[in-house]
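Visitor: Handing you this structure, nothing more for now.
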Amino acid sequence: MTIKEQIIELIKENKVVTQGDISIAIYGDNKHMPNVYSSLMDLVNKGIVKREGSQPAYYSFYEDGEEPTEVVINKRPVREKIVRNVTPSKYEFVSVENPYILDYLVSGNTKIPALTRKNGDFIEAVVSLDSNYNKDNEIIKPDYGFDPEINASNSNNKYSGSTRYWFEEMLKPGANFKKLLLGSIITIDSVNSTHLEAAIDGRKKMRDIICTVCNNVNDLIKKLEEPFDMNDKTNLIVMMSQPIPAKNKGNSMRINLSFATKFCAYAAKYLKANVEYSKYDNVVSKALPQYCAIYLNQQRESNSFLANETLGMSDSEKTEFKLYIYDDYSKSIAWIIDALKEKGVNLSREEIDHIIWYGFKGVK
């Protein structure tokens with residue numbers, strides 16, 4: 001029985017279901033909601049199933065005489081069909097004595113870097129030699145004349161200072177929190193190429209969003225230490241991931257999940273908050289299903305953690321989908337960390353991020 005046939009049978013039996021209900025019924029858990037989505041949306045777009053509401057949306061059949069709306073059938077594009085390949089889990093661990101060569105996991109022609117203490121130490125040494133990363137990790141003032149309020153959209157070729165500098169300044173008595181916060185946003189956006197300025201006043205909007213719940217650095221630390229909850233509308237990542245208007249694209253919107261997670265990761269690190277965040281990254285998200293198979297014995301489909309497969313979704317649906325993906329992404333990395341600890345290997349979220357990112361850098 002196909003997924004679509006199973007969805008139809010579930011609606012026949014239960015009358016009304018959510019995407020989570022379908023995932024649990026078919027797969028036994030709610031980790032496969034993205035897998036269900038394309039089949040579910042195909043049924044919606046063909047007028048077979050009705051969708052109502054959001055966060056969560058409810059799915060049912062149309063009542064007798066009720067016609068599917070033109071918006072659903074004709075104006076909403078059908079999501080592209082995606083070929084999903086389950087990642088193999090049989091890998092052989094290959095330890096290399098040479099300290100300058102990574103330990104690997106090998107399966108057939110596939111070779112990926114192993115999550116070992118040796119690899120963590122080696123990659124951190126490599127990262128420290130990266131001039132951009134090393135500079136950002138030091139306390140370096142911005143160029144003379146750089147002002148976050150004036151140079152938010154255009155630095156005029158002035159160096160904006162290191163990320164660590166702005167957060168260190170926040171911790172000083174009498175600090176101008178709003179201005180320093182904007183400085184940190186400008187630098188994080190610039191260093192990580194998260195393109196906030198593709199939105200109208202994107203950097204200042206991020207600052208203003210954070211300042212709705214944070215008046216000072218202590219407020220920010222407290223908000224960072226609140227557990228991520230995609231249904232908590234006051235959560236920092238949720239707030240920063242809400243759609244904001246894009247530049248020069250009519251009514252289109254931008255959802256800045258990548259920036260939101262990177263901001264929280266850097267802020268937590270440099271403000272010494274009692275929490276660690278995973279930065280959402282395309283390279284890591286593509287590789288993560290393989291690590292779930294190896295370290296968690298979970299068979300995850302190859303695009304399980306890809307947050308950009310949102311063709312045909314409304315802005316609110318895109319936001320919900322991206323936050324769901326990040327929740328799954330972050331939890332999966334936490335589970336891998338726990339599994340590694342049971343084997344006596346202690347790696348942080350940042351170290352795992354670096355091992356995977358540098359190990360796969362340049363691989364398409």
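Going by the structure tokens order, chains are called A, B, ..., each with residues numbered from 1, while ligands are numbered from 1 in the order shown.
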Would you return as a count of residues only the members of stretch 52-262 of chain A that DSSP assigns to strand (DSSP E or B) on this structure's backbone?
Guide: 22
Visitor: Identify, on the basis of only C-alpha atoms, every residue whose closest approach to A:Lys15 does not exceed 10 Å; exclude the query and any residue fewer than 5 positions from it along the same chain; express the result as a PDB file with C-alpha atoms, in the first residue's frame.
Guide:
```pdb
ATOM      1  CA  ILE A   8      -6.676   7.923   2.634  1.00  0.00           C
ATOM      2  CA  GLU A   9      -7.394   4.882   4.818  1.00  0.00           C
ATOM      3  CA  LEU A  10      -6.398   6.814   7.957  1.00  0.00           C
ATOM      4  CA  TYR A  59      -6.765  17.022   7.004  1.00  0.00           C
ATOM      5  CA  SER A  60     -10.115  15.490   6.132  1.00  0.00           C
ATOM      6  CA  PHE A  61     -12.341  14.657   3.159  1.00  0.00           C
TER       7      PHE A  61
END
```
Visitor: As a ChimeraX atom specification, which residues of stretch 190-343 of chain A does DSSP assign to helix (DSSP H, G or I)?
Guide: /A:190-192,196-198,202-211,217-224,236-240,257-270,282-295,315-342
Visitor: If you count only C-alpha atoms, which residues fall within 6 Å of stretch 208-223 of chain A, apart from same-chain ones fewer than 2 positions away, as a list in words?
Guide: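 Residues near the query, excluding close chain neighbours: Phe177, Lys205, Met206, Glu225, Glu226 and Ala273 of chain A.
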Visitor: Just give me the gap between atom CA of A:Asn274 and atom CA of A:Ala287 in Å, one decimal is fine.
Guide: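 Pair atom CA of A:Asn274 / atom CA of A:Ala287 returns 27.6 Å.
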Visitor: Can you build me a table of stretch 240-292 of chain A residues sitting at most 12 Å from stretch 349-354 of chain A, with the closest atom pair per residue and its distance in Å to one decimal, using only C-alpha atoms, sorted by chain and residue number, as CSV?
Guide:
```
residue,atom,partner,partner_atom,distance
A:Lys262,CA,A:Glu350,CA,10.9
A:Ala265,CA,A:Glu350,CA,8.7
A:Tyr266,CA,A:Glu350,CA,10.2
A:Ala268,CA,A:Glu350,CA,11.7
A:Lys269,CA,A:Glu350,CA,9.8
A:Val275,CA,A:Arg349,CA,10.5
A:Glu276,CA,A:Arg349,CA,7.0
A:Tyr277,CA,A:Arg349,CA,7.0
A:Ser278,CA,A:Arg349,CA,5.9
A:Lys279,CA,A:Asp353,CA,7.8
A:Tyr280,CA,A:Asp353,CA,9.2
A:Asp281,CA,A:Asp353,CA,8.6
A:Asn282,CA,A:Asp353,CA,11.0
A:Val283,CA,A:Asp353,CA,9.4
A:Val284,CA,A:Asp353,CA,6.8
A:Ser285,CA,A:Asp353,CA,9.9
A:Ala287,CA,A:Asp353,CA,10.6
A:Leu288,CA,A:Asp353,CA,10.0
A:Tyr291,CA,A:Ile352,CA,10.5
```
Visitor: Which residue, A:Asn231, A:Lys172, A:Ile150, A:Asn297, has the smallest gap to A:Lys204 when you use only C-alpha atoms?
Guide: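 Between A:Asn231, A:Lys172, A:Ile150, A:Asn297, the residue approaching A:Lys204 most closely is A:Ile150.
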Visitor: Between A:Ala267, A:Val44, A:Leu323, A:Val345, which residue has the minimum interatomic distance to A:Asn235, considering only C-alpha atoms?
Guide: A:Leu323
Visitor: Excluding A:Leu271 and residues on its chain fewer than 6 positions from it, collect all residues at most 9 Å away from it, counting only C-alpha atoms, and give them as a CSV table (one decimal) with N, CA and C atoms, in the first residue's frame.
Guide:
```
chain,number,residue,atom,x,y,z
A,164,ARG,N,33.1,37.8,18.8
A,164,ARG,CA,33.4,37.8,20.3
A,164,ARG,C,33.5,39.2,20.9
A,167,PHE,N,30.0,40.5,21.9
A,167,PHE,CA,29.4,39.9,23.1
A,167,PHE,C,30.2,40.2,24.4
A,168,GLU,N,31.5,40.3,24.3
A,168,GLU,CA,32.3,40.7,25.4
A,168,GLU,C,31.9,42.1,25.9
A,170,MET,N,29.1,43.5,25.6
A,170,MET,CA,27.7,43.5,26.2
A,170,MET,C,27.8,43.2,27.7
A,171,LEU,N,28.9,42.4,28.1
A,171,LEU,CA,29.0,42.0,29.5
A,171,LEU,C,29.6,43.1,30.4
A,217,VAL,N,21.7,42.2,28.5
A,217,VAL,CA,22.4,41.0,28.3
A,217,VAL,C,21.9,39.9,29.2
A,221,ILE,N,20.8,36.1,28.0
A,221,ILE,CA,21.3,34.9,28.5
A,221,ILE,C,20.1,34.0,29.0
```
Visitor: What separation in Å, quoted to one decimal, exists between atom CA of A:Phe228 and atom CA of A:Tyr329?
Guide: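 A separation of 11.9 Å between them.
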Visitor: To one decimal in Å, tell me the separation between atom CA of A:Pro142 and atom CA of A:Tyr159.
Guide: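 That distance, rounded to one decimal, is 5.3 Å.
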Visitor: Give the answer as one residue: which of A:Thr2, A:Thr116, A:Ser160, A:Thr261 has the shortest atom-to-atom distance to A:Ser348, using only C-alpha atoms?
Guide: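 Counting only C-alpha atoms, the residue closest to A:Ser348 is A:Thr116.
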Visitor: So, counting only C-alpha atoms, which residue among A:Gly47, A:Glu138, A:Ser190, A:Leu102 is closest to A:Val126?
Guide: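 Of A:Gly47, A:Glu138, A:Ser190, A:Leu102, the one nearest A:Val126, counting only C-alpha atoms, is A:Leu102.
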Visitor: When distances are computed from only C-alpha atoms, which of A:Lys233, A:Arg203, A:Lys118, A:Lys178 shows the smallest separation from A:Asn154?
Guide: A:Arg203
Visitor: With only C-alpha atoms as the basis for distance, which of A:Ile355, A:Pro173, A:Lys179, A:Tyr58 is at the shortest distance from A:Asp121?
Guide: A:Ile355
Visitor: Quick one: residues within 8 Å of A:Leu236, only C-alpha atoms counted, chain neighbours fewer than 3 positions away excluded, as a PDB file with N, CA and C atoms, in the first residue's frame?
Guide:
```
ATOM      1  N   ILE A 210      14.674  40.539  18.729  1.00  0.00           N
ATOM      2  CA  ILE A 210      15.291  40.072  19.974  1.00  0.00           C
ATOM      3  C   ILE A 210      14.950  41.021  21.120  1.00  0.00           C
ATOM      4  N   LYS A 223      17.026  33.973  27.979  1.00  0.00           N
ATOM      5  CA  LYS A 223      16.262  33.474  26.827  1.00  0.00           C
ATOM      6  C   LYS A 223      17.029  32.369  26.111  1.00  0.00           C
ATOM      7  N   LEU A 224      18.343  32.510  26.013  1.00  0.00           N
ATOM      8  CA  LEU A 224      19.162  31.475  25.368  1.00  0.00           C
ATOM      9  C   LEU A 224      19.075  30.154  26.131  1.00  0.00           C
ATOM     10  N   MET A 239      11.152  33.120  17.015  1.00  0.00           N
ATOM     11  CA  MET A 239      10.890  34.528  16.717  1.00  0.00           C
ATOM     12  C   MET A 239      11.716  35.014  15.524  1.00  0.00           C
ATOM     13  N   MET A 240      13.001  34.687  15.519  1.00  0.00           N
ATOM     14  CA  MET A 240      13.876  35.158  14.447  1.00  0.00           C
ATOM     15  C   MET A 240      13.621  34.449  13.122  1.00  0.00           C
ATOM     16  N   ALA A 260      19.267  32.513  12.579  1.00  0.00           N
ATOM     17  CA  ALA A 260      18.743  32.414  13.947  1.00  0.00           C
ATOM     18  C   ALA A 260      19.529  31.395  14.769  1.00  0.00           C
ATOM     19  N   CYS A 264      22.200  32.248  17.962  1.00  0.00           N
ATOM     20  CA  CYS A 264      22.050  31.639  19.289  1.00  0.00           C
ATOM     21  C   CYS A 264      23.287  30.830  19.676  1.00  0.00           C
TER      22      CYS A 264
END
```
Visitor: Write out as a ChimeraX atom specification which residues come within 12 Å of A:Val127 when counting only C-alpha atoms, dropping same-chain ones fewer than 2 positions away.
Guide: /A:119-125,129-137,350-351,353-355,357-359
Visitor: Please provide as a PyMOL selection string all residues within 9 Å of A:Met230, with the sequence filter that same-chain residues fewer than 4 positions apart are discarded (counting only C-alpha atoms).
Guide: chain A and resi 235+237-238+320+323-324+326-327
Visitor: The selected residues should be written to file as a JSON list (two decimals), in the first residue's frame (atoms: N, CA and C atoms).
Guide:
```json
[["chain", "number", "residue", "atom", "x", "y", "z"],
["A", 235, "ASN", "N", 10.21, 31.86, 21.91],
["A", 235, "ASN", "CA", 11.54, 31.27, 21.78],
["A", 235, "ASN", "C", 12.35, 32.08, 20.75],
["A", 237, "ILE", "N", 14.76, 31.40, 18.56],
["A", 237, "ILE", "CA", 14.88, 30.86, 17.21],
["A", 237, "ILE", "C", 13.54, 30.94, 16.48],
["A", 238, "VAL", "N", 12.46, 30.64, 17.17],
["A", 238, "VAL", "CA", 11.13, 30.74, 16.57],
["A", 238, "VAL", "C", 10.85, 32.18, 16.15],
["A", 320, "GLU", "N", 6.83, 26.67, 9.72],
["A", 320, "GLU", "CA", 6.55, 25.50, 10.55],
["A", 320, "GLU", "C", 7.43, 24.32, 10.13],
["A", 323, "LEU", "N", 11.18, 24.92, 11.14],
["A", 323, "LEU", "CA", 11.37, 24.76, 12.58],
["A", 323, "LEU", "C", 11.28, 23.30, 12.98],
["A", 324, "TYR", "N", 10.39, 22.55, 12.34],
["A", 324, "TYR", "CA", 10.29, 21.12, 12.61],
["A", 324, "TYR", "C", 11.59, 20.42, 12.23],
["A", 326, "TYR", "N", 14.58, 21.74, 12.03],
["A", 326, "TYR", "CA", 15.65, 22.10, 12.96],
["A", 326, "TYR", "C", 15.49, 21.36, 14.28],
["A", 327, "ASP", "N", 14.27, 21.22, 14.75],
["A", 327, "ASP", "CA", 14.02, 20.48, 15.99],
["A", 327, "ASP", "C", 14.56, 19.05, 15.87]]
```
